[in-house]
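Text of the file upload03.cif, holding mmCIF, C-alpha atoms; chains and numbers go by the auth columns:
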data_coords
#
loop_
_atom_site.group_PDB
_atom_site.id
_atom_site.type_symbol
_atom_site.label_atom_id
_atom_site.label_comp_id
_atom_site.label_asym_id
_atom_site.label_seq_id
_atom_site.Cartn_x
_atom_site.Cartn_y
_atom_site.Cartn_z
_atom_site.B_iso_or_equiv
_atom_site.auth_seq_id
_atom_site.auth_asym_id
ATOM 1 C CA MET A 1 14.717 -15.991 -9.290 0.00 98 U
ATOM 2 C CA ALA A 2 14.705 -15.585 -13.071 0.00 99 U
ATOM 3 C CA ASP A 3 11.810 -13.189 -13.480 0.00 100 U
ATOM 4 C CA LYS A 4 11.198 -10.001 -11.576 0.00 101 U
ATOM 5 C CA LEU A 5 8.258 -9.821 -9.230 0.00 102 U
ATOM 6 C CA ASN A 6 5.777 -7.199 -10.357 0.00 103 U
ATOM 7 C CA VAL A 7 4.660 -5.310 -7.269 0.00 104 U
ATOM 8 C CA LEU A 8 2.013 -2.598 -7.216 0.00 105 U
ATOM 9 C CA VAL A 9 2.588 0.359 -4.861 0.00 106 U
ATOM 10 C CA ILE A 10 -0.555 1.987 -3.456 0.00 107 U
ATOM 11 C CA CYS A 11 -0.205 5.317 -1.680 0.00 108 U
ATOM 12 C CA GLY A 12 -2.979 5.837 0.854 0.00 109 U
ATOM 13 C CA SER A 13 -2.596 9.617 0.828 0.00 110 U
ATOM 14 C CA LEU A 14 -4.016 12.013 -1.739 0.00 111 U
ATOM 15 C CA ARG A 15 -2.114 15.022 -0.366 0.00 112 U
ATOM 16 C CA LYS A 16 0.388 16.600 -2.766 0.00 113 U
ATOM 17 C CA GLY A 17 3.116 16.988 -0.118 0.00 114 U
ATOM 18 C CA SER A 18 2.426 13.632 1.526 0.00 115 U
ATOM 19 C CA TYR A 19 5.166 12.000 3.597 0.00 116 U
ATOM 20 C CA ASN A 20 3.786 8.656 2.470 0.00 117 U
ATOM 21 C CA ALA A 21 4.025 9.610 -1.200 0.00 118 U
ATOM 22 C CA SER A 22 7.663 10.545 -0.507 0.00 119 U
ATOM 23 C CA VAL A 23 8.296 7.107 0.988 0.00 120 U
ATOM 24 C CA ALA A 24 6.541 5.440 -1.971 0.00 121 U
ATOM 25 C CA ARG A 25 8.686 7.414 -4.434 0.00 122 U
ATOM 26 C CA ALA A 26 11.835 6.294 -2.573 0.00 123 U
ATOM 27 C CA LEU A 27 11.027 2.591 -2.878 0.00 124 U
ATOM 28 C CA PRO A 28 12.481 1.842 -6.354 0.00 125 U
ATOM 29 C CA ALA A 29 15.948 2.975 -5.228 0.00 126 U
ATOM 30 C CA LEU A 30 15.677 0.841 -2.065 0.00 127 U
ATOM 31 C CA ALA A 31 14.155 -2.274 -3.597 0.00 128 U
ATOM 32 C CA PRO A 32 16.173 -5.406 -4.312 0.00 129 U
ATOM 33 C CA PRO A 33 16.721 -6.188 -8.007 0.00 130 U
ATOM 34 C CA GLU A 34 14.043 -8.910 -7.917 0.00 131 U
ATOM 35 C CA LEU A 35 11.280 -6.298 -7.546 0.00 132 U
ATOM 36 C CA ALA A 36 9.748 -4.254 -10.346 0.00 133 U
ATOM 37 C CA LEU A 37 7.609 -1.574 -8.687 0.00 134 U
ATOM 38 C CA THR A 38 4.674 0.149 -10.375 0.00 135 U
ATOM 39 C CA PRO A 39 2.686 2.996 -8.790 0.00 136 U
ATOM 40 C CA ALA A 40 -1.049 2.253 -8.624 0.00 137 U
ATOM 41 C CA ALA A 41 -3.561 4.599 -10.210 0.00 138 U
ATOM 42 C CA SER A 42 -5.172 7.052 -7.813 0.00 139 U
ATOM 43 C CA PHE A 43 -8.427 6.176 -6.111 0.00 140 U
ATOM 44 C CA ALA A 44 -9.232 9.879 -5.617 0.00 141 U
ATOM 45 C CA LYS A 45 -12.271 9.902 -7.909 0.00 142 U
ATOM 46 C CA PHE A 46 -13.859 6.657 -6.745 0.00 143 U
ATOM 47 C CA PRO A 47 -17.428 7.379 -5.599 0.00 144 U
ATOM 48 C CA ILE A 48 -18.283 6.649 -1.986 0.00 145 U
ATOM 49 C CA TYR A 49 -19.242 2.986 -1.867 0.00 146 U
ATOM 50 C CA ASN A 50 -22.996 2.447 -1.750 0.00 147 U
ATOM 51 C CA ALA A 51 -24.532 -0.969 -2.465 0.00 148 U
ATOM 52 C CA ASP A 52 -27.580 0.700 -4.044 0.00 149 U
ATOM 53 C CA ASP A 53 -25.328 2.494 -6.547 0.00 150 U
ATOM 54 C CA GLN A 54 -23.474 -0.743 -7.282 0.00 151 U
ATOM 55 C CA THR A 55 -26.797 -2.504 -7.929 0.00 152 U
ATOM 56 C CA ALA A 56 -28.011 0.322 -10.167 0.00 153 U
ATOM 57 C CA THR A 57 -24.887 0.988 -12.233 0.00 154 U
ATOM 58 C CA GLY A 58 -22.351 -1.722 -11.420 0.00 155 U
ATOM 59 C CA ILE A 59 -18.739 -1.262 -10.425 0.00 156 U
ATOM 60 C CA PRO A 60 -17.181 1.893 -11.953 0.00 157 U
ATOM 61 C CA ALA A 61 -14.606 1.384 -14.717 0.00 158 U
ATOM 62 C CA ASP A 62 -11.810 3.121 -12.750 0.00 159 U
ATOM 63 C CA VAL A 63 -12.456 0.805 -9.771 0.00 160 U
ATOM 64 C CA LYS A 64 -12.340 -2.217 -12.100 0.00 161 U
ATOM 65 C CA ALA A 65 -9.032 -0.993 -13.587 0.00 162 U
ATOM 66 C CA TRP A 66 -7.576 -0.498 -10.074 0.00 163 U
ATOM 67 C CA CYS A 67 -8.647 -4.016 -9.108 0.00 164 U
ATOM 68 C CA ASP A 68 -7.290 -5.477 -12.357 0.00 165 U
ATOM 69 C CA ALA A 69 -3.883 -3.916 -11.574 0.00 166 U
ATOM 70 C CA ILE A 70 -3.936 -5.516 -8.114 0.00 167 U
ATOM 71 C CA ARG A 71 -4.889 -8.909 -9.573 0.00 168 U
ATOM 72 C CA ALA A 72 -2.118 -8.666 -12.209 0.00 169 U
ATOM 73 C CA ALA A 73 0.566 -7.880 -9.616 0.00 170 U
ATOM 74 C CA ASP A 74 2.590 -10.518 -7.797 0.00 171 U
ATOM 75 C CA GLY A 75 2.275 -8.475 -4.607 0.00 172 U
ATOM 76 C CA VAL A 76 1.164 -5.114 -3.240 0.00 173 U
ATOM 77 C CA ILE A 77 2.886 -2.503 -1.088 0.00 174 U
ATOM 78 C CA ILE A 78 0.583 -0.052 0.673 0.00 175 U
ATOM 79 C CA VAL A 79 2.203 3.104 2.055 0.00 176 U
ATOM 80 C CA SER A 80 -0.384 5.066 4.004 0.00 177 U
ATOM 81 C CA PRO A 81 -0.836 7.759 6.620 0.00 178 U
ATOM 82 C CA GLU A 82 -2.980 7.428 9.706 0.00 179 U
ATOM 83 C CA TYR A 83 -6.108 9.571 9.896 0.00 180 U
ATOM 84 C CA ASN A 84 -7.836 9.798 13.277 0.00 181 U
ATOM 85 C CA TRP A 85 -6.037 6.662 14.495 0.00 182 U
ATOM 86 C CA SER A 86 -7.204 4.626 11.511 0.00 183 U
ATOM 87 C CA ILE A 87 -7.253 4.106 7.726 0.00 184 U
ATOM 88 C CA PRO A 88 -7.704 7.214 5.540 0.00 185 U
ATOM 89 C CA GLY A 89 -11.277 7.323 4.213 0.00 186 U
ATOM 90 C CA GLY A 90 -10.279 7.312 0.546 0.00 187 U
ATOM 91 C CA LEU A 91 -8.133 4.210 0.903 0.00 188 U
ATOM 92 C CA LYS A 92 -10.785 2.404 2.946 0.00 189 U
ATOM 93 C CA ASN A 93 -13.397 3.312 0.331 0.00 190 U
ATOM 94 C CA ALA A 94 -11.172 1.868 -2.433 0.00 191 U
ATOM 95 C CA ILE A 95 -10.772 -1.352 -0.445 0.00 192 U
ATOM 96 C CA ASP A 96 -14.524 -1.472 0.152 0.00 193 U
ATOM 97 C CA TRP A 97 -15.124 -1.209 -3.601 0.00 194 U
ATOM 98 C CA ALA A 98 -12.462 -3.867 -4.262 0.00 195 U
ATOM 99 C CA SER A 99 -14.194 -6.220 -1.839 0.00 196 U
ATOM 100 C CA ARG A 100 -17.427 -6.080 -3.859 0.00 197 U
ATOM 101 C CA GLU A 101 -16.147 -7.662 -7.052 0.00 198 U
ATOM 102 C CA LYS A 102 -16.923 -11.347 -7.531 0.00 199 U
ATOM 103 C CA ASP A 103 -13.193 -12.088 -7.963 0.00 200 U
ATOM 104 C CA ILE A 104 -11.835 -10.069 -5.019 0.00 201 U
ATOM 105 C CA ALA A 105 -8.561 -8.482 -6.136 0.00 202 U
ATOM 106 C CA PHE A 106 -6.826 -8.795 -2.760 0.00 203 U
ATOM 107 C CA LYS A 107 -7.766 -12.472 -2.190 0.00 204 U
ATOM 108 C CA ASP A 108 -4.540 -14.451 -1.684 0.00 205 U
ATOM 109 C CA LYS A 109 -2.466 -11.413 -2.725 0.00 206 U
ATOM 110 C CA PRO A 110 0.742 -10.847 -0.717 0.00 207 U
ATOM 111 C CA VAL A 111 0.543 -7.384 0.868 0.00 208 U
ATOM 112 C CA VAL A 112 3.081 -5.437 2.901 0.00 209 U
ATOM 113 C CA LEU A 113 2.364 -2.215 4.801 0.00 210 U
ATOM 114 C CA MET A 114 4.420 0.911 5.466 0.00 211 U
ATOM 115 C CA SER A 115 3.418 4.196 7.033 0.00 212 U
ATOM 116 C CA ALA A 116 4.870 7.621 7.698 0.00 213 U
ATOM 117 C CA ALA A 117 3.518 10.133 10.182 0.00 214 U
ATOM 118 C CA PRO A 118 4.698 13.216 12.052 0.00 215 U
ATOM 119 C CA GLY A 119 4.236 11.639 15.485 0.00 216 U
ATOM 120 C CA LEU A 120 5.888 8.984 17.613 0.00 217 U
ATOM 121 C CA LEU A 121 3.880 5.953 16.429 0.00 218 U
ATOM 122 C CA GLY A 122 4.510 6.482 12.712 0.00 219 U
ATOM 123 C CA GLY A 123 1.074 5.270 11.630 0.00 220 U
ATOM 124 C CA GLY A 124 1.021 2.105 13.729 0.00 221 U
ATOM 125 C CA ARG A 125 -2.680 2.302 14.581 0.00 222 U
ATOM 126 C CA MET A 126 -3.569 2.657 10.891 0.00 223 U
ATOM 127 C CA GLN A 127 -1.487 -0.402 10.051 0.00 224 U
ATOM 128 C CA TYR A 128 -3.338 -2.430 12.682 0.00 225 U
ATOM 129 C CA HIS A 129 -6.733 -1.434 11.260 0.00 226 U
ATOM 130 C CA LEU A 130 -5.629 -1.875 7.643 0.00 227 U
ATOM 131 C CA ARG A 131 -4.252 -5.315 8.452 0.00 228 U
ATOM 132 C CA MET A 132 -7.688 -6.285 9.853 0.00 229 U
ATOM 133 C CA ALA A 133 -9.574 -4.931 6.808 0.00 230 U
ATOM 134 C CA LEU A 134 -7.287 -6.721 4.350 0.00 231 U
ATOM 135 C CA THR A 135 -7.352 -9.967 6.323 0.00 232 U
ATOM 136 C CA ALA A 136 -11.159 -9.863 6.112 0.00 233 U
ATOM 137 C CA ILE A 137 -10.884 -10.041 2.310 0.00 234 U
ATOM 138 C CA GLU A 138 -8.231 -12.780 2.499 0.00 235 U
ATOM 139 C CA ALA A 139 -5.093 -10.857 1.554 0.00 236 U
ATOM 140 C CA GLN A 140 -1.881 -12.626 2.552 0.00 237 U
ATOM 141 C CA MET A 141 -0.436 -10.164 5.066 0.00 238 U
ATOM 142 C CA PHE A 142 3.334 -9.892 5.451 0.00 239 U
ATOM 143 C CA GLY A 143 4.476 -9.692 9.078 0.00 240 U
ATOM 144 C CA LYS A 144 8.010 -8.581 9.933 0.00 241 U
ATOM 145 C CA PRO A 145 10.047 -6.512 9.701 0.00 242 U
ATOM 146 C CA GLU A 146 7.599 -3.643 9.948 0.00 243 U
ATOM 147 C CA VAL A 147 8.164 -0.085 8.694 0.00 244 U
ATOM 148 C CA PHE A 148 6.831 2.858 10.697 0.00 245 U
ATOM 149 C CA VAL A 149 8.431 6.162 9.689 0.00 246 U
ATOM 150 C CA ASN A 150 7.875 8.217 12.835 0.00 247 U
ATOM 151 C CA TYR A 151 8.755 11.919 13.108 0.00 248 U
ATOM 152 C CA ALA A 152 8.571 11.953 9.314 0.00 249 U
ATOM 153 C CA ALA A 153 9.215 15.708 9.059 0.00 250 U
ATOM 154 C CA LYS A 154 12.732 15.068 10.350 0.00 251 U
ATOM 155 C CA LYS A 155 13.344 12.210 7.906 0.00 252 U
ATOM 156 C CA ILE A 156 11.942 13.662 4.682 0.00 253 U
ATOM 157 C CA ASP A 157 13.381 16.827 3.143 0.00 254 U
ATOM 158 C CA GLU A 158 10.631 19.459 3.149 0.00 255 U
ATOM 159 C CA LYS A 159 11.805 21.110 -0.088 0.00 256 U
ATOM 160 C CA THR A 160 12.590 18.063 -2.213 0.00 257 U
ATOM 161 C CA GLY A 161 10.269 15.460 -0.664 0.00 258 U
ATOM 162 C CA GLU A 162 13.241 13.078 -0.541 0.00 259 U
ATOM 163 C CA LEU A 163 13.584 10.461 2.185 0.00 260 U
ATOM 164 C CA THR A 164 16.920 11.339 3.801 0.00 261 U
ATOM 165 C CA ASP A 165 17.098 9.198 6.935 0.00 262 U
ATOM 166 C CA GLU A 166 19.577 6.338 6.443 0.00 263 U
ATOM 167 C CA PRO A 167 18.277 4.078 9.277 0.00 264 U
ATOM 168 C CA THR A 168 14.780 4.366 7.758 0.00 265 U
ATOM 169 C CA LYS A 169 16.127 3.507 4.310 0.00 266 U
ATOM 170 C CA ASP A 170 17.915 0.493 5.800 0.00 267 U
ATOM 171 C CA MET A 171 14.712 -0.716 7.484 0.00 268 U
ATOM 172 C CA ILE A 172 12.788 -0.382 4.213 0.00 269 U
ATOM 173 C CA LYS A 173 15.515 -2.352 2.391 0.00 270 U
ATOM 174 C CA GLN A 174 15.239 -5.121 4.999 0.00 271 U
ATOM 175 C CA GLN A 175 11.462 -5.225 4.710 0.00 272 U
ATOM 176 C CA LEU A 176 11.497 -5.327 0.904 0.00 273 U
ATOM 177 C CA ALA A 177 14.124 -8.097 0.851 0.00 274 U
ATOM 178 C CA ALA A 178 11.986 -10.153 3.235 0.00 275 U
ATOM 179 C CA PHE A 179 8.856 -9.388 1.181 0.00 276 U
ATOM 180 C CA VAL A 180 10.537 -10.895 -1.910 0.00 277 U
ATOM 181 C CA LYS A 181 10.885 -14.192 -0.026 0.00 278 U
ATOM 182 C CA PHE A 182 7.309 -13.948 1.268 0.00 279 U
ATOM 183 C CA VAL A 183 5.906 -13.378 -2.236 0.00 280 U
ATOM 184 C CA ALA A 184 7.941 -16.286 -3.596 0.00 281 U
ATOM 185 C CA LYS A 185 6.535 -18.573 -0.872 0.00 282 U
ATOM 186 C CA THR A 186 2.952 -17.536 -1.573 0.00 283 U
ATOM 187 C CA LYS A 187 3.366 -18.141 -5.321 0.00 284 U
ATOM 188 C CA ARG A 188 4.254 -21.833 -4.852 0.00 285 U
#
Mind turning this structure into structure tokens?
Amino acid sequence: MADKLNVLVICGSLRKGSYNASVARALPALAPPELALTPAASFAKFPIYNADDQTATGIPADVKAWCDAIRAADGVIIVSPEYNWSIPGGLKNAIDWASREKDIAFKDKPVVLMSAAPGLLGGGRMQYHLRMALTAIEAQMFGKPEVFVNYAAKKIDEKTGELTDEPTKDMIKQQLAAFVKFVAKTKR
């Protein structure tokens, strides 16, 4: 593969000390050389989606910029926590906004999911719900291998925010290597 694949990394957490932000920050060191990773802009200031507001004022400029970055990328990695067994509200709101543009940013876009959580399931329920939401807007969802960073407090250094667990790093490397092949197939 001559050119690098430009992949956007979306962190579904807004929390400063987020385990998921730690995993997202670890990705460049774990990614194969074919991937060029770029962190997505934050969706923290997106207004709550309301069709009446969209009709009155259109899609906000920061939402448009976020969607443009998704469209420009060859693929998207979403690293997100699980809130109340589902997708964090801020991330879901961003996806809801993205689904309202005429040219839906996620349509036909290869997407891979990762999650980190303090419990046993590592964000698995969130991934299930996020997979459904993204499939509804025709994203091309990557399947296996999956990455669920369970017991994240034991795998991420509390002081430095660094991912320290070698088996987790190995699983992420495997997933990213497989995602390269998936993206290449979808670009044909």
Exercise: stretch 114-127 of chain U partners within 9 Å, only C-alpha atoms, chain neighbours under 6 positions left out, as a ChimeraX atom specification: /U:106-108,133-136,174-178,211-215,246,249-250,253,255,258-260,266-267,269-270,273
Separation of atom CA of U:Phe279 from atom CA of U:Pro130, in Å and rounded to one decimal: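 About the pair atom CA of U:Phe279 and atom CA of U:Pro130: they are 15.3 Å apart.
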Between atom CA of U:Met238 and atom CA of U:His226 - distance in Å to one decimal: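 Taking atom CA of U:His226 as the start and atom CA of U:Met238 as the end point, the length is 12.4 Å.
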Within 7 Å of U:Val173 using only C-alpha atoms, minus same-chain residues under 4 positions, as a ChimeraX atom specification: /U:104-106,207-209
Distance query U:Gln272 at most 8 Å, all atoms listed in the file, self and fewer than 5 positions along chain excluded, as a PyMOL selection string: chain U and resi 241-244
Selection result of the PyMOL selection byres ((chain U and resi 188-201) around 9) on this file, as a PyMOL selection string: chain U and resi 108-110+140-141+143-148+151+156+160-161+163-164+168+177+184-187+202-204+227+230-231+234-235
d(atom CA of U:Lys206, atom CA of U:Ile167) in Å: 8.1 Å
Selected residue of minimal separation from U:Lys252 among U:Pro129, U:Asp205, U:Gly219, U:Gly240, counting all atoms listed in the file: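 Of the candidates, the smallest distance to U:Lys252 is held by U:Gly219.
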Using only C-alpha atoms: which of U:Asp171, U:Asp100, U:Asp159, U:Glu179 has the shortest distance to U:Phe245: U:Glu179
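Nearest residue to U:Leu218, choosing from U:Trp182, U:Asn247, U:Lys256, U:Val280 and counting all atoms listed in the file: U:Asn247.
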U:Ala169, U:Pro264, U:Tyr248, U:Phe276 ranked by distance to U:Gly220, top pick (using all atoms listed in the file): U:Tyr248
